[in-house]
Amino acid sequence: MFIPVPIGFIHSPYTETSSIPKGLGARHDAEGVLEIGSEFETGLTDIDGFSHLYVLWLFDRAHGFELIGAPPSDNRPHGVFATRSPRRPNPIGLTVVELLRRENRQLFVRGVDMLDGTPILDIKPYLSSIPNQALRRGWLAEAESAQ
Ligand SMILES: C[S@@+](CC[C@H](N)C(=O)[O-])C[C@H]1O[C@@H](n2cnc3c(N)ncnc32)[C@H](O)[C@@H]1O
């Protein structure tokens with residue numbers, strides 16, 4: 001295994017988890033800035049051409065994990081790997097953000113759902129080749145249709 005080193009930190013409008021939209025129909029339109037460490041800036045070369053990015057980050061303020069839990073979008077419990085819970089064995093978050101612009105080592109993005117100061121582990125271009133009709137949404141589809 002390796003010891004992860006943050007490549008940067010997220011500037012987010014959210015300082016408390018309670019202010020981050022949750023549950024069915026939650027929209028993530030908040031803007032934030034991914035500030036990348038100067039030692040990693042060269043790695044941002046050519047990122048400007050991508051509209052969306054995957055951001056891998058650390059749930060640095062989560063405590064412990066539970067293998068079964070009830071997410072805010074359903075009243076039934078589900079396995080942690082069938083949810084996006086912060087309380088997971090390896091506390092890694094994954095968010096797709098829209099890249100608005102880059103200024104040197106700052107990426108201005110839309111769609112943050114992380115707390116201010118969250119460490120960034122990695123960034124990759126978002127490329128999806130899976131057609132909508134091939135996607136199944138599991139228990140979430142049932143929760144949405146029961147709404
Ligand atoms: C449901 S998780 C989903 C995160 C990401 N989109 C994912 O799928 O991995 C989002 C929640 O994580 C919590 N959260 C955000 N930043 C966090 C941090 N740095 N440490 C611990 N919890 C955090 C907030 O409660 C937020 O509503």
# chains A, B, ... in the order shown; residues from 1 in each chain; ligands from 1
call {"tool": "residues_around", "arguments": {"residues": "Glu39 of chain A", "least_positions_apart": "4", "cutoff": "10 Å", "atoms": "only C-alpha atoms", "output": "ChimeraX atom specification"}}
result
/A:7-8,43,105
call {"tool": "residues_around", "arguments": {"residues": "segment 113-128 of chain A", "least_positions_apart": "6", "cutoff": "7 Å", "atoms": "only C-alpha atoms", "output": "NGL selection string"}}
result
:A and (5-17 or 20 or 28 or 50 or 52-58 or 60)
call {"tool": "atom_distance", "arguments": {"atom1": "atom CA of Arg101 of chain A", "atom2": "atom 22 (N, counted along the ligand's line) of ligand 1"}}
result
25.8 Å
call {"tool": "select_by_dssp", "arguments": {"residues": "chain A", "states": "strand (DSSP E)", "output": "number ranges by chain"}}
result
A: 8-11, 31-36, 52-58, 68-69, 78-79, 92-103, 106-110, 119-125
call {"tool": "closest_residue", "arguments": {"among": "A:Leu24, A:Thr83, A:Pro4, A:His78", "to": "ligand 1", "atoms": "only C-alpha atoms and all ligand atoms"}}
result
A:Thr83
call {"tool": "select_by_dssp", "arguments": {"residues": "chain A", "states": "helix (DSSP H, G or I)", "output": "PyMOL selection string"}}
result
chain A and resi 17-19+38-44+47-49+80-82+132-134+138-145
call {"tool": "write_last_selection", "arguments": {"atoms": "N, CA, C and O atoms", "output": "JSON list (two decimals), in the first residue's frame"}}
result
[["chain", "number", "residue", "atom", "x", "y", "z"],
["A", 17, "THR", "N", -21.31, 20.24, 7.62],
["A", 17, "THR", "CA", -21.95, 19.21, 6.78],
["A", 17, "THR", "C", -23.45, 19.50, 6.63],
["A", 17, "THR", "O", -24.03, 19.19, 5.59],
["A", 18, "SER", "N", -24.06, 20.13, 7.65],
["A", 18, "SER", "CA", -25.51, 20.35, 7.60],
["A", 18, "SER", "C", -25.90, 21.30, 6.47],
["A", 18, "SER", "O", -27.06, 21.33, 6.06],
["A", 19, "SER", "N", -24.96, 22.10, 5.95],
["A", 19, "SER", "CA", -25.35, 23.03, 4.88],
["A", 19, "SER", "C", -25.16, 22.42, 3.48],
["A", 19, "SER", "O", -25.49, 23.04, 2.48],
["A", 38, "SER", "N", 2.00, 23.66, -5.36],
["A", 38, "SER", "CA", 2.90, 24.14, -6.42],
["A", 38, "SER", "C", 3.75, 22.99, -6.98],
["A", 38, "SER", "O", 4.08, 22.97, -8.16],
["A", 39, "GLU", "N", 4.06, 22.01, -6.13],
["A", 39, "GLU", "CA", 4.90, 20.90, -6.60],
["A", 39, "GLU", "C", 4.18, 19.99, -7.59],
["A", 39, "GLU", "O", 4.80, 19.17, -8.26],
["A", 40, "PHE", "N", 2.83, 20.15, -7.68],
["A", 40, "PHE", "CA", 2.05, 19.30, -8.60],
["A", 40, "PHE", "C", 1.49, 20.09, -9.78],
["A", 40, "PHE", "O", 0.79, 19.53, -10.62],
["A", 41, "GLU", "N", 1.77, 21.39, -9.84],
["A", 41, "GLU", "CA", 1.13, 22.26, -10.85],
["A", 41, "GLU", "C", 1.38, 21.77, -12.28],
["A", 41, "GLU", "O", 0.49, 21.82, -13.12],
["A", 42, "THR", "N", 2.57, 21.28, -12.54],
["A", 42, "THR", "CA", 2.89, 20.82, -13.90],
["A", 42, "THR", "C", 1.92, 19.73, -14.34],
["A", 42, "THR", "O", 1.62, 19.58, -15.52],
["A", 43, "GLY", "N", 1.40, 18.99, -13.39],
["A", 43, "GLY", "CA", 0.45, 17.92, -13.70],
["A", 43, "GLY", "C", -0.89, 18.43, -14.20],
["A", 43, "GLY", "O", -1.71, 17.64, -14.67],
["A", 44, "LEU", "N", -1.12, 19.73, -14.09],
["A", 44, "LEU", "CA", -2.38, 20.30, -14.60],
["A", 44, "LEU", "C", -2.29, 20.65, -16.08],
["A", 44, "LEU", "O", -3.28, 21.07, -16.68],
["A", 47, "ILE", "N", -5.24, 20.28, -18.80],
["A", 47, "ILE", "CA", -6.50, 19.94, -18.14],
["A", 47, "ILE", "C", -7.63, 20.87, -18.61],
["A", 47, "ILE", "O", -8.81, 20.52, -18.57],
["A", 48, "ASP", "N", -7.24, 22.06, -19.09],
["A", 48, "ASP", "CA", -8.22, 23.09, -19.44],
["A", 48, "ASP", "C", -9.26, 22.63, -20.46],
["A", 48, "ASP", "O", -10.37, 23.15, -20.50],
["A", 49, "GLY", "N", -8.90, 21.68, -21.30],
["A", 49, "GLY", "CA", -9.79, 21.26, -22.39],
["A", 49, "GLY", "C", -10.93, 20.36, -21.93],
["A", 49, "GLY", "O", -11.82, 20.05, -22.72],
["A", 80, "VAL", "N", -22.55, -0.29, 2.73],
["A", 80, "VAL", "CA", -21.77, 0.94, 2.50],
["A", 80, "VAL", "C", -21.30, 1.05, 1.05],
["A", 80, "VAL", "O", -21.24, 2.15, 0.49],
["A", 81, "PHE", "N", -21.00, -0.10, 0.42],
["A", 81, "PHE", "CA", -20.48, -0.02, -0.95],
["A", 81, "PHE", "C", -21.59, 0.18, -1.98],
["A", 81, "PHE", "O", -21.31, 0.28, -3.18],
["A", 82, "ALA", "N", -22.84, 0.21, -1.50],
["A", 82, "ALA", "CA", -23.96, 0.54, -2.37],
["A", 82, "ALA", "C", -24.44, 1.96, -2.08],
["A", 82, "ALA", "O", -25.53, 2.34, -2.48],
["A", 132, "ASN", "N", -26.89, 6.08, -21.25],
["A", 132, "ASN", "CA", -27.88, 6.21, -20.18],
["A", 132, "ASN", "C", -28.75, 4.96, -20.03],
["A", 132, "ASN", "O", -29.04, 4.53, -18.92],
["A", 133, "GLN", "N", -29.14, 4.38, -21.18],
["A", 133, "GLN", "CA", -30.07, 3.24, -21.12],
["A", 133, "GLN", "C", -29.41, 1.99, -20.55],
["A", 133, "GLN", "O", -30.09, 1.03, -20.19],
["A", 134, "ALA", "N", -28.08, 1.98, -20.44],
["A", 134, "ALA", "CA", -27.39, 0.81, -19.87],
["A", 134, "ALA", "C", -27.19, 0.94, -18.36],
["A", 134, "ALA", "O", -26.74, 0.01, -17.72],
["A", 138, "GLY", "N", -30.24, 0.82, -9.10],
["A", 138, "GLY", "CA", -30.42, 0.04, -7.88],
["A", 138, "GLY", "C", -31.51, 0.57, -6.96],
["A", 138, "GLY", "O", -32.57, 1.03, -7.41],
["A", 139, "TRP", "N", -31.24, 0.54, -5.65],
["A", 139, "TRP", "CA", -32.23, 0.94, -4.65],
["A", 139, "TRP", "C", -32.62, 2.41, -4.79],
["A", 139, "TRP", "O", -33.72, 2.80, -4.38],
["A", 140, "LEU", "N", -31.72, 3.21, -5.40],
["A", 140, "LEU", "CA", -32.01, 4.64, -5.52],
["A", 140, "LEU", "C", -33.20, 4.87, -6.46],
["A", 140, "LEU", "O", -34.05, 5.73, -6.20],
["A", 141, "ALA", "N", -33.26, 4.06, -7.52],
["A", 141, "ALA", "CA", -34.40, 4.19, -8.45],
["A", 141, "ALA", "C", -35.70, 3.89, -7.73],
["A", 141, "ALA", "O", -36.72, 4.57, -7.93],
["A", 142, "GLU", "N", -35.68, 2.86, -6.85],
["A", 142, "GLU", "CA", -36.90, 2.52, -6.09],
["A", 142, "GLU", "C", -37.27, 3.67, -5.16],
["A", 142, "GLU", "O", -38.43, 4.04, -5.04],
["A", 143, "ALA", "N", -36.26, 4.24, -4.49],
["A", 143, "ALA", "CA", -36.53, 5.36, -3.55],
["A", 143, "ALA", "C", -37.09, 6.55, -4.31],
["A", 143, "ALA", "O", -38.01, 7.23, -3.85],
["A", 144, "GLU", "N", -36.54, 6.79, -5.51],
["A", 144, "GLU", "CA", -37.03, 7.94, -6.30],
["A", 144, "GLU", "C", -38.45, 7.72, -6.77],
["A", 144, "GLU", "O", -39.27, 8.64, -6.74],
["A", 145, "SER", "N", -38.77, 6.48, -7.17],
["A", 145, "SER", "CA", -40.12, 6.26, -7.69],
["A", 145, "SER", "C", -41.15, 6.22, -6.56],
["A", 145, "SER", "O", -42.34, 6.44, -6.78]]
call {"tool": "residues_around", "arguments": {"residues": "Leu67 of chain A", "least_positions_apart": "3", "cutoff": "12 Å", "atoms": "only C-alpha atoms", "output": "list in words"}}
result
Gly64, Ala70, Pro71, Pro77, His78, Gly79, Val80, Phe81, Ala82, Thr83, Arg84, Ser85, Pro86, Arg87, Arg88, Pro89 and Asn90 of chain A
call {"tool": "closest_residue", "arguments": {"among": "A:Ser51, A:Ser129, A:Gln106, A:Ser73", "to": "ligand 1", "atoms": "only C-alpha atoms and all ligand atoms"}}
result
A:Ser73
call {"tool": "closest_residue", "arguments": {"among": "A:Phe2, A:Arg136, A:Ala146, A:Val97", "to": "ligand 1", "atoms": "only C-alpha atoms and all ligand atoms"}}
result
A:Val97
call {"tool": "closest_residue", "arguments": {"among": "A:Ile36, A:Leu107, A:Leu99, A:Ala26", "to": "ligand 1", "atoms": "only C-alpha atoms and all ligand atoms"}}
result
A:Ala26
call {"tool": "atom_distance", "arguments": {"atom1": "atom CA of Val109 of chain A", "atom2": "atom 22 (N, counted along the ligand's line) of ligand 1"}}
result
19.1 Å
call {"tool": "atom_distance", "arguments": {"atom1": "atom CA of Ala62 of chain A", "atom2": "atom CA of Arg27 of chain A"}}
result
21.9 Å
call {"tool": "closest_residue", "arguments": {"among": "A:His63, A:Leu135, A:Met1, A:Asn75", "to": "ligand 1", "atoms": "only C-alpha atoms and all ligand atoms"}}
result
A:His63
call {"tool": "decode", "arguments": {"residues": "chain A", "atoms": "C-alpha atoms", "output": "compact mmCIF listing (two decimals), in the first residue's frame"}}
result
# COMPACT_ATOMS: atom_id res chain seq x y z
CA MET A 1 0.00 0.00 0.00
CA PHE A 2 1.03 3.63 -0.25
CA ILE A 3 0.70 6.58 2.07
CA PRO A 4 -1.55 9.09 0.32
CA VAL A 5 -0.28 12.66 0.12
CA PRO A 6 -2.81 15.41 -0.68
CA ILE A 7 -2.12 17.11 -4.00
CA GLY A 8 -4.10 20.13 -2.82
CA PHE A 9 -7.11 21.39 -0.90
CA ILE A 10 -10.63 22.42 -1.73
CA HIS A 11 -12.00 25.89 -1.10
CA SER A 12 -15.70 25.30 -0.62
CA PRO A 13 -18.55 27.51 0.63
CA TYR A 14 -19.49 24.72 3.06
CA THR A 15 -18.04 24.84 6.56
CA GLU A 16 -20.62 22.49 8.11
CA THR A 17 -21.95 19.21 6.78
CA SER A 18 -25.51 20.35 7.60
CA SER A 19 -25.35 23.03 4.88
CA ILE A 20 -24.45 20.56 2.09
CA PRO A 21 -27.59 19.52 0.10
CA LYS A 22 -28.55 15.89 0.80
CA GLY A 23 -31.21 13.37 -0.03
CA LEU A 24 -33.37 12.72 -3.07
CA GLY A 25 -33.31 15.50 -5.63
CA ALA A 26 -30.40 17.31 -3.94
CA ARG A 27 -28.62 19.54 -6.43
CA HIS A 28 -24.93 20.32 -6.22
CA ASP A 29 -24.46 23.66 -7.94
CA ALA A 30 -22.08 25.23 -5.45
CA GLU A 31 -18.87 26.65 -6.82
CA GLY A 32 -15.47 26.09 -5.28
CA VAL A 33 -11.78 26.12 -6.06
CA LEU A 34 -9.41 23.17 -6.21
CA GLU A 35 -6.07 24.61 -5.15
CA ILE A 36 -3.25 22.33 -6.21
CA GLY A 37 0.14 22.37 -4.50
CA SER A 38 2.90 24.14 -6.42
CA GLU A 39 4.90 20.90 -6.60
CA PHE A 40 2.05 19.30 -8.60
CA GLU A 41 1.13 22.26 -10.85
CA THR A 42 2.89 20.82 -13.90
CA GLY A 43 0.45 17.92 -13.70
CA LEU A 44 -2.38 20.30 -14.60
CA THR A 45 -0.94 20.78 -18.08
CA ASP A 46 -3.72 20.31 -20.71
CA ILE A 47 -6.50 19.94 -18.14
CA ASP A 48 -8.22 23.09 -19.44
CA GLY A 49 -9.79 21.26 -22.39
CA PHE A 50 -11.97 19.02 -20.21
CA SER A 51 -15.43 20.15 -19.20
CA HIS A 52 -15.75 17.82 -16.21
CA LEU A 53 -13.35 16.22 -13.77
CA TYR A 54 -13.40 13.40 -11.27
CA VAL A 55 -12.08 14.59 -7.94
CA LEU A 56 -10.91 11.97 -5.45
CA TRP A 57 -10.71 13.34 -1.95
CA LEU A 58 -10.42 12.44 1.69
CA PHE A 59 -13.38 12.43 4.10
CA ASP A 60 -11.01 13.94 6.65
CA ARG A 61 -13.78 14.73 9.13
CA ALA A 62 -15.53 11.35 9.07
CA HIS A 63 -15.14 9.04 12.05
CA GLY A 64 -15.04 5.30 11.65
CA PHE A 65 -17.24 3.34 9.31
CA GLU A 66 -20.37 1.24 9.23
CA LEU A 67 -20.94 -1.54 6.73
CA ILE A 68 -24.70 -1.03 6.78
CA GLY A 69 -26.30 2.37 7.05
CA ALA A 70 -29.40 4.35 6.08
CA PRO A 71 -28.55 7.10 3.58
CA PRO A 72 -30.51 10.39 3.61
CA SER A 73 -32.12 9.43 0.30
CA ASP A 74 -33.88 6.33 1.66
CA ASN A 75 -35.39 5.05 4.88
CA ARG A 76 -34.02 1.55 4.32
CA PRO A 77 -30.48 0.49 5.26
CA HIS A 78 -27.98 -0.40 2.55
CA GLY A 79 -24.42 -1.75 2.38
CA VAL A 80 -21.77 0.94 2.50
CA PHE A 81 -20.48 -0.02 -0.95
CA ALA A 82 -23.96 0.54 -2.37
CA THR A 83 -23.99 4.11 -1.03
CA ARG A 84 -21.89 7.25 -1.07
CA SER A 85 -21.60 7.39 2.72
CA PRO A 86 -18.63 9.29 4.22
CA ARG A 87 -18.31 6.54 6.85
CA ARG A 88 -16.46 3.89 4.85
CA PRO A 89 -13.45 1.65 5.52
CA ASN A 90 -11.22 3.76 3.25
CA PRO A 91 -12.67 7.28 3.61
CA ILE A 92 -12.29 8.34 -0.02
CA GLY A 93 -14.81 10.67 -1.69
CA LEU A 94 -15.46 10.91 -5.42
CA THR A 95 -17.17 13.93 -6.95
CA VAL A 96 -17.68 14.92 -10.57
CA VAL A 97 -17.28 18.67 -10.97
CA GLU A 98 -17.60 21.01 -13.93
CA LEU A 99 -14.38 22.83 -14.73
CA LEU A 100 -15.21 26.51 -15.20
CA ARG A 101 -11.68 27.83 -15.65
CA ARG A 102 -8.11 27.38 -14.59
CA GLU A 103 -5.91 30.10 -13.15
CA ASN A 104 -2.41 28.71 -12.71
CA ARG A 105 -2.76 26.11 -9.95
CA GLN A 106 -6.35 26.97 -9.11
CA LEU A 107 -9.21 25.14 -10.77
CA PHE A 108 -12.53 26.96 -10.50
CA VAL A 109 -15.28 24.35 -10.48
CA ARG A 110 -19.01 23.88 -10.02
CA GLY A 111 -20.61 21.00 -8.17
CA VAL A 112 -18.67 20.74 -4.93
CA ASP A 113 -20.16 18.68 -2.09
CA MET A 114 -17.11 18.74 0.19
CA LEU A 115 -16.31 20.78 3.27
CA ASP A 116 -13.94 23.70 3.05
CA GLY A 117 -10.34 22.57 3.44
CA THR A 118 -10.95 19.00 2.28
CA PRO A 119 -7.72 17.35 1.05
CA ILE A 120 -7.62 16.37 -2.63
CA LEU A 121 -6.05 12.99 -3.42
CA ASP A 122 -6.31 12.97 -7.21
CA ILE A 123 -7.97 14.54 -10.25
CA LYS A 124 -8.81 12.80 -13.53
CA PRO A 125 -10.74 13.87 -16.61
CA TYR A 126 -14.35 12.70 -16.59
CA LEU A 127 -15.02 10.49 -19.60
CA SER A 128 -18.12 8.35 -19.62
CA SER A 129 -18.86 5.94 -22.41
CA ILE A 130 -21.78 4.21 -20.72
CA PRO A 131 -25.06 5.05 -22.45
CA ASN A 132 -27.88 6.21 -20.18
CA GLN A 133 -30.07 3.24 -21.12
CA ALA A 134 -27.39 0.81 -19.87
CA LEU A 135 -27.29 2.33 -16.39
CA ARG A 136 -29.21 0.78 -13.48
CA ARG A 137 -29.69 2.85 -10.35
CA GLY A 138 -30.42 0.04 -7.88
CA TRP A 139 -32.23 0.94 -4.65
CA LEU A 140 -32.01 4.64 -5.52
CA ALA A 141 -34.40 4.19 -8.45
CA GLU A 142 -36.90 2.52 -6.09
CA ALA A 143 -36.53 5.36 -3.55
CA GLU A 144 -37.03 7.94 -6.30
CA SER A 145 -40.12 6.26 -7.69
CA ALA A 146 -41.63 5.93 -4.18
CA GLN A 147 -41.27 9.69 -3.67
